Every structure is written in structure tokens, then in C-alpha cells.
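One file, structure_3.cif, carrying mmCIF, C-alpha atoms:
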```cif
data_protein
loop_
_atom_site.label_atom_id
_atom_site.label_comp_id
_atom_site.auth_asym_id
_atom_site.auth_seq_id
_atom_site.Cartn_x
_atom_site.Cartn_y
_atom_site.Cartn_z
CA MET A 299 13.54 -14.22 15.06
CA ASP A 300 11.03 -11.96 16.83
CA GLU A 301 12.72 -8.89 15.36
CA ILE A 302 12.34 -10.33 11.84
CA ILE A 303 8.66 -11.10 12.41
CA ALA A 304 8.06 -7.60 13.78
CA ARG A 305 9.92 -5.97 10.85
CA VAL A 306 7.90 -7.89 8.25
CA ALA A 307 4.64 -7.23 10.14
CA ARG A 308 5.45 -3.50 10.30
CA ALA A 309 5.97 -3.53 6.54
CA ILE A 310 2.46 -4.85 5.88
CA ALA A 311 0.75 -3.04 8.76
CA ASN A 312 0.15 -0.09 6.46
CA LEU A 313 -2.89 0.26 4.21
CA ALA A 314 -0.96 2.07 1.46
CA ARG A 315 1.61 -0.73 1.30
CA LEU A 316 -1.16 -3.32 1.19
CA ARG A 317 -2.73 -1.40 -1.74
CA ILE A 318 0.64 -1.50 -3.51
CA LEU A 319 1.02 -5.23 -2.86
CA GLY A 320 -2.51 -5.78 -4.14
CA ALA A 321 -1.75 -3.87 -7.34
CA LEU A 322 1.35 -6.01 -7.90
CA ALA A 323 -0.15 -9.34 -6.85
CA CYS A 324 -1.67 -10.42 -10.16
CA VAL A 325 0.81 -8.97 -12.63
CA PRO A 326 4.34 -10.09 -13.52
CA GLU A 327 5.82 -6.65 -12.77
CA LYS A 328 5.07 -2.92 -12.78
CA ALA A 329 7.07 0.28 -12.79
CA PRO A 330 6.72 2.55 -9.73
CA THR A 331 5.51 5.38 -12.01
CA VAL A 332 2.68 3.19 -13.29
CA LEU A 333 1.78 2.16 -9.73
CA ALA A 334 1.69 5.79 -8.62
CA GLY A 335 -0.72 6.65 -11.44
CA GLU A 336 -2.99 3.65 -10.88
CA LEU A 337 -3.16 4.14 -7.11
CA ASP A 338 -3.39 7.95 -7.28
CA MET A 339 -0.34 8.31 -5.04
CA GLY A 340 2.77 10.44 -5.43
CA ARG A 341 5.81 8.78 -7.02
CA ASN A 342 7.98 9.60 -4.00
CA VAL A 343 5.43 8.09 -1.63
CA VAL A 344 5.18 4.92 -3.74
CA SER A 345 8.98 4.66 -3.96
CA SER A 346 9.29 5.03 -0.20
CA HIS A 347 6.75 2.26 0.40
CA LEU A 348 8.44 0.05 -2.20
CA ARG A 349 11.78 0.43 -0.39
CA ILE A 350 10.19 -0.72 2.87
CA LEU A 351 8.51 -3.72 1.21
CA THR A 352 11.75 -4.65 -0.55
CA ALA A 353 13.76 -4.38 2.67
CA ALA A 354 11.26 -6.69 4.37
CA GLY A 355 11.77 -9.28 1.63
CA LEU A 356 8.24 -9.02 0.23
CA LEU A 357 9.17 -7.53 -3.16
CA GLN A 358 11.94 -7.68 -5.70
CA ARG A 359 13.07 -4.76 -7.82
CA ARG A 360 14.58 -5.07 -11.28
CA ARG A 361 16.30 -2.40 -13.34
CA SER A 362 16.22 -2.27 -17.11
CA GLY A 363 18.05 0.75 -18.42
CA ALA A 364 16.46 3.87 -16.98
CA TRP A 365 13.37 1.96 -15.84
CA ALA A 366 12.84 0.10 -12.58
CA TYR A 367 10.26 -2.64 -12.15
CA CYS A 368 8.71 -4.16 -9.05
CA ILE A 369 7.77 -7.80 -8.71
CA ALA A 370 5.49 -9.14 -5.96
CA ALA A 371 7.83 -11.97 -5.02
CA SER A 372 10.41 -12.40 -2.32
CA PRO A 373 14.07 -12.79 -3.20
CA TYR A 374 14.16 -15.45 -0.49
CA SER A 375 12.98 -19.04 -0.76
CA ASP A 376 9.50 -20.09 0.38
CA ASP A 377 10.91 -21.77 3.49
CA THR A 378 11.85 -18.35 4.93
CA LEU A 379 9.30 -16.12 6.68
CA SER A 380 9.56 -13.37 4.05
CA GLY A 381 9.34 -15.84 1.19
CA ALA A 382 6.35 -17.73 2.56
CA LEU A 383 4.52 -14.54 3.54
CA SER A 384 5.18 -12.95 0.15
CA THR A 385 3.74 -15.98 -1.65
CA TRP A 386 0.72 -16.13 0.66
CA LEU A 387 -0.01 -12.39 0.39
CA ARG A 388 0.21 -12.55 -3.40
CA GLN A 389 -2.33 -15.39 -3.47
CA VAL A 390 -4.69 -13.70 -1.01
CA LEU A 391 -4.55 -10.23 -2.55
CA CYS A 392 -4.76 -11.43 -6.16
CA ASP A 393 -8.23 -12.91 -5.83
CA PRO A 394 -10.36 -11.75 -2.86
CA THR A 395 -13.31 -13.84 -4.07
CA ARG A 396 -11.27 -17.05 -3.93
CA THR A 397 -9.86 -15.97 -0.58
CA GLN A 398 -13.40 -15.68 0.75
CA GLU A 399 -14.25 -19.17 -0.49
CA ASP A 400 -10.98 -20.86 0.55
CA CYS A 401 -10.53 -19.13 3.90
CA ARG A 402 -14.20 -18.61 4.70
CA VAL A 403 -13.69 -14.95 5.51
CA ARG A 404 -17.27 -13.95 6.31
CA GLU A 405 -16.50 -10.23 6.04
CA LEU A 406 -16.01 -10.66 2.28
CA CYS A 407 -19.35 -12.34 1.57
CA ASN A 408 -21.68 -10.56 -0.84
CA LEU A 409 -19.27 -7.68 -1.54
CA SER A 410 -18.31 -6.33 -4.91
CA GLU A 411 -14.73 -7.08 -5.95
CA PRO A 412 -13.41 -3.55 -5.22
CA GLU A 413 -15.13 -3.53 -1.84
CA ALA A 414 -13.84 -7.04 -1.06
CA GLU A 415 -10.30 -5.89 -1.88
CA ARG A 416 -10.64 -2.92 0.49
CA VAL A 417 -12.06 -5.04 3.34
CA LEU A 418 -9.38 -7.69 2.81
CA ARG A 419 -6.62 -5.08 3.07
CA GLU A 420 -8.17 -3.77 6.29
CA LEU A 421 -8.33 -7.28 7.76
CA LEU A 422 -4.69 -7.93 6.84
CA PHE A 423 -3.73 -4.57 8.35
CA GLU A 424 -5.46 -5.37 11.64
CA ALA A 425 -3.86 -8.82 11.81
CA ALA A 426 -0.38 -7.50 10.99
CA THR A 427 -0.49 -4.80 13.66
CA ALA A 428 -0.75 -7.49 16.31
CA PHE A 429 2.73 -8.69 15.38
CA THR A 430 4.55 -5.37 15.06
CA ASN A 431 5.77 -5.37 18.65
CA VAL A 432 8.42 -7.82 19.89
CA ARG A 433 6.94 -7.87 23.43
CA ARG A 434 3.52 -8.88 22.04
CA LEU A 435 5.18 -11.68 20.08
CA GLN A 436 6.89 -12.93 23.24
CA LEU A 437 3.58 -12.79 25.10
CA LEU A 438 1.75 -14.71 22.34
CA ARG A 439 4.50 -17.33 22.23
CA LEU A 440 4.40 -17.76 26.03
CA LEU A 441 0.61 -18.15 26.05
CA THR A 442 0.79 -20.63 23.17
CA GLU A 443 3.38 -22.74 24.97
CA ARG A 444 1.92 -22.57 28.46
CA GLY A 445 -1.79 -21.92 28.01
CA GLU A 446 -3.51 -19.88 30.70
CA LEU A 447 -1.16 -17.96 32.98
CA THR A 448 -1.61 -15.47 35.77
CA VAL A 449 -0.42 -11.90 35.39
CA GLU A 450 2.27 -12.60 37.96
CA ALA A 451 3.57 -15.60 36.00
CA ILE A 452 3.65 -13.61 32.77
CA THR A 453 5.47 -10.65 34.33
CA GLU A 454 8.01 -12.98 35.92
CA LYS A 455 8.65 -15.01 32.75
CA LEU A 456 8.96 -11.96 30.48
CA ASN A 457 10.68 -9.74 33.05
CA MET A 458 8.17 -6.95 32.73
CA SER A 459 5.98 -4.86 35.02
CA GLU A 460 2.34 -5.68 35.74
CA HIS A 461 1.36 -2.38 34.16
CA ALA A 462 2.96 -3.35 30.84
#
```
Output the file's structure as C-alpha cells, nothing else.
Amino acid sequence: MDEIIARVARAIANLARLRILGALACVPEKAPTVLAGELDMGRNVVSSHLRILTAAGLLQRRRSGAWAYCIAASPYSDDTLSGALSTWLRQVLCDPTRTQEDCRVRELCNLSEPEAERVLRELLFEAATAFTNVRRLQLLRLLTERGELTVEAITEKLNMSEHA
């Protein structure tokens, strides 16, 4: 399970991918070429990021003839990590103003909508990077289960050096 969490976190721990998710959040679907133009990114770069997001289960891709379309929805159900995270990210990225009100994210107060979107992506990026490493996930889980622990207890439980 930790590997799945780390893979999904790595997918969203990238500001360009968060911009792409934000551009897809409020629309039914978009073509990668349209996304590249709107985000002022190269088509190959956008396609590469879309592959990573699709592999993590955060996007779906649909082909129609020569065209491909991206949909900000997971192919998995909402009771899976990818499905639940995809739904949550779509809601958060679609309306930063509502996110500020519902989640009380103080960093978004009194910002214009474009600035709120940028700050929100940065906050999501910072949060996601905390979960990109399996060892950090194990450490967080151990501290959640056991509360305060000494360095010696942590190193013994996780079979790691004190330096790590």
C-alpha cells in the first residue's frame, strides 16, 4: 500500500501536473493539444505529464478517431486511493475560492482567483512531497500509531540507522 501512496503522491508532487489537473478540473474533457496551448507548454511535455497522471489513476484518456481527450476522473471507484484522491483534487482545484471557505486555507484569503489557484497548487505540491517516500510513510504511520517515540525506538522498529 505504501508504494501505491508514494506513486500517487509523486504524480501530484509536480507543479506542472497540478496545473494540468487544474485546467481539467472544471471541464468535461480536453484534448492534450488544447491543454498545451492554454498552459503554454509543449505538446510532448503535456503528453508526458498526462501519461504519469493516467498511470497513477488520476485521469482517464479517451480516443475518438484521431483525437485523444483527457478527463479529470479516475478509472477506479471512489473507495480506492486513486479514485478518492482524483475526486477530491477535482473539487479543490475547480474552485479555489470555495476551497478557502470550506477548508479555511488562510493562505488563499484575499487573493485574486488566478493567484489563489497558484498558491493552492503550491500548497498541494508541498503536501504531496511529504508522501513521495515510502520510508517517510512508514515513519508517519509509526508515529500515528505509537505517538511520541525515541530515536532508538524508531530506528529499531523501522530497521534503519539513526542517521537516516
Going by the chain IDs and residue numbers used in this file, which residues fall under the PyMOL selection byres ((chain A and resi 308) around 8)? Write them as a PDB file with C-alpha atoms, in the frame of the given file.
```pdb
ATOM      1  CA  ALA A 304       8.060  -7.600  13.780  1.00  0.00           C
ATOM      2  CA  ARG A 305       9.920  -5.970  10.850  1.00  0.00           C
ATOM      3  CA  VAL A 306       7.900  -7.890   8.250  1.00  0.00           C
ATOM      4  CA  ALA A 307       4.640  -7.230  10.140  1.00  0.00           C
ATOM      5  CA  ALA A 309       5.970  -3.530   6.540  1.00  0.00           C
ATOM      6  CA  ILE A 310       2.460  -4.850   5.880  1.00  0.00           C
ATOM      7  CA  ALA A 311       0.750  -3.040   8.760  1.00  0.00           C
ATOM      8  CA  ASN A 312       0.150  -0.090   6.460  1.00  0.00           C
ATOM      9  CA  ALA A 426      -0.380  -7.500  10.990  1.00  0.00           C
ATOM     10  CA  THR A 427      -0.490  -4.800  13.660  1.00  0.00           C
ATOM     11  CA  PHE A 429       2.730  -8.690  15.380  1.00  0.00           C
ATOM     12  CA  THR A 430       4.550  -5.370  15.060  1.00  0.00           C
TER      13      THR A 430
END
```
Judged by all atoms listed in the file, the minimum distance to A:Lys328 among A:Leu435, A:Ala382, A:Leu418, A:Ala366 is found for A:Ala366
Expressed in Å, the length from atom CA of A:Glu443 to atom CA of A:Asp300 is 15.5 Å
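Going from atom CA of A:Ala428 over to atom CA of A:Glu460, you cover 19.8 Å.
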TODO: Name the residues that the PyMOL selection byres ((chain A and resi 360) around 12) picks from the file above, as an NGL selection string, using the file's chain letters and numbers.
DONE: :A and (326-330 or 352 or 357-359 or 361-371 or 373)
Tell me which of A:Leu379, A:Arg416, A:Glu301, A:Ser372 sits closest to A:Gln436, counting all atoms listed in the file.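 Among the listed residues, A:Glu301 lies closest to A:Gln436.
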Practice task
Spell out the residues picked by the PyMOL selection byres ((chain A and resi 449-456) around 8) here, as a VMD selection string.
Solution key: chain A and resid 436 to 437 440 447 to 448 457 to 460
Limited to C-alpha atoms, could you put the picked residues into a file as an mmCIF file, in the coordinates of the input?
```
data_model
loop_
_atom_site.group_PDB
_atom_site.id
_atom_site.type_symbol
_atom_site.label_atom_id
_atom_site.label_comp_id
_atom_site.auth_asym_id
_atom_site.auth_seq_id
_atom_site.Cartn_x
_atom_site.Cartn_y
_atom_site.Cartn_z
ATOM 1 C CA GLN A 436 6.890 -12.930 23.240
ATOM 2 C CA LEU A 437 3.580 -12.790 25.100
ATOM 3 C CA LEU A 440 4.400 -17.760 26.030
ATOM 4 C CA LEU A 447 -1.160 -17.960 32.980
ATOM 5 C CA THR A 448 -1.610 -15.470 35.770
ATOM 6 C CA ASN A 457 10.680 -9.740 33.050
ATOM 7 C CA MET A 458 8.170 -6.950 32.730
ATOM 8 C CA SER A 459 5.980 -4.860 35.020
ATOM 9 C CA GLU A 460 2.340 -5.680 35.740
#
```
For A:His347: contacts at 10 Å, all atoms listed in the file, fewer than 2 positions along chain excluded, given as an mmCIF file with C-alpha atoms, in the coordinates of the input:
```cif
data_model
loop_
_atom_site.group_PDB
_atom_site.id
_atom_site.type_symbol
_atom_site.label_atom_id
_atom_site.label_comp_id
_atom_site.auth_asym_id
_atom_site.auth_seq_id
_atom_site.Cartn_x
_atom_site.Cartn_y
_atom_site.Cartn_z
ATOM 1 C CA ALA A 309 5.970 -3.530 6.540
ATOM 2 C CA ILE A 310 2.460 -4.850 5.880
ATOM 3 C CA ASN A 312 0.150 -0.090 6.460
ATOM 4 C CA ALA A 314 -0.960 2.070 1.460
ATOM 5 C CA ARG A 315 1.610 -0.730 1.300
ATOM 6 C CA LEU A 316 -1.160 -3.320 1.190
ATOM 7 C CA ILE A 318 0.640 -1.500 -3.510
ATOM 8 C CA LEU A 319 1.020 -5.230 -2.860
ATOM 9 C CA ARG A 341 5.810 8.780 -7.020
ATOM 10 C CA ASN A 342 7.980 9.600 -4.000
ATOM 11 C CA VAL A 343 5.430 8.090 -1.630
ATOM 12 C CA VAL A 344 5.180 4.920 -3.740
ATOM 13 C CA SER A 345 8.980 4.660 -3.960
ATOM 14 C CA ARG A 349 11.780 0.430 -0.390
ATOM 15 C CA ILE A 350 10.190 -0.720 2.870
ATOM 16 C CA LEU A 351 8.510 -3.720 1.210
ATOM 17 C CA THR A 352 11.750 -4.650 -0.550
ATOM 18 C CA ALA A 353 13.760 -4.380 2.670
#
```
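Atom CA of A:Ser380 is found 19.5 Å from atom CA of A:Arg434.
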Worksheet item: Closest to A:Leu383 among A:His461, A:Ala354, A:Gly445, A:Asn408, using all atoms listed in the file?
Response: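 Among the listed residues, A:Ala354 lies closest to A:Leu383.
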Around stretch 323-330 of chain A, with edges along x, y and z and 8 Å added on all six sides, what centre and edge lengths do you get, in Å to one decimal, as lines of an AutoDock Vina configuration file?
```
center_x = 2.7
center_y = -3.9
center_z = -10.2
size_x = 24.7
size_y = 29.0
size_z = 22.7
```
Can you tell me which residues surround A:Leu391 at a distance of at most 12 Å, considering all atoms listed in the file, apart from same-chain residues fewer than 6 positions away, and format the answer as a PyMOL selection string? chain A and resi 315-325+370+383-385+397-398+411-412+414-422
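For the set A:Ala334, A:Leu356, A:Met339, A:Leu438, the residue with the smallest atom-to-atom gap to A:Thr378 is A:Leu356, counting only C-alpha atoms.
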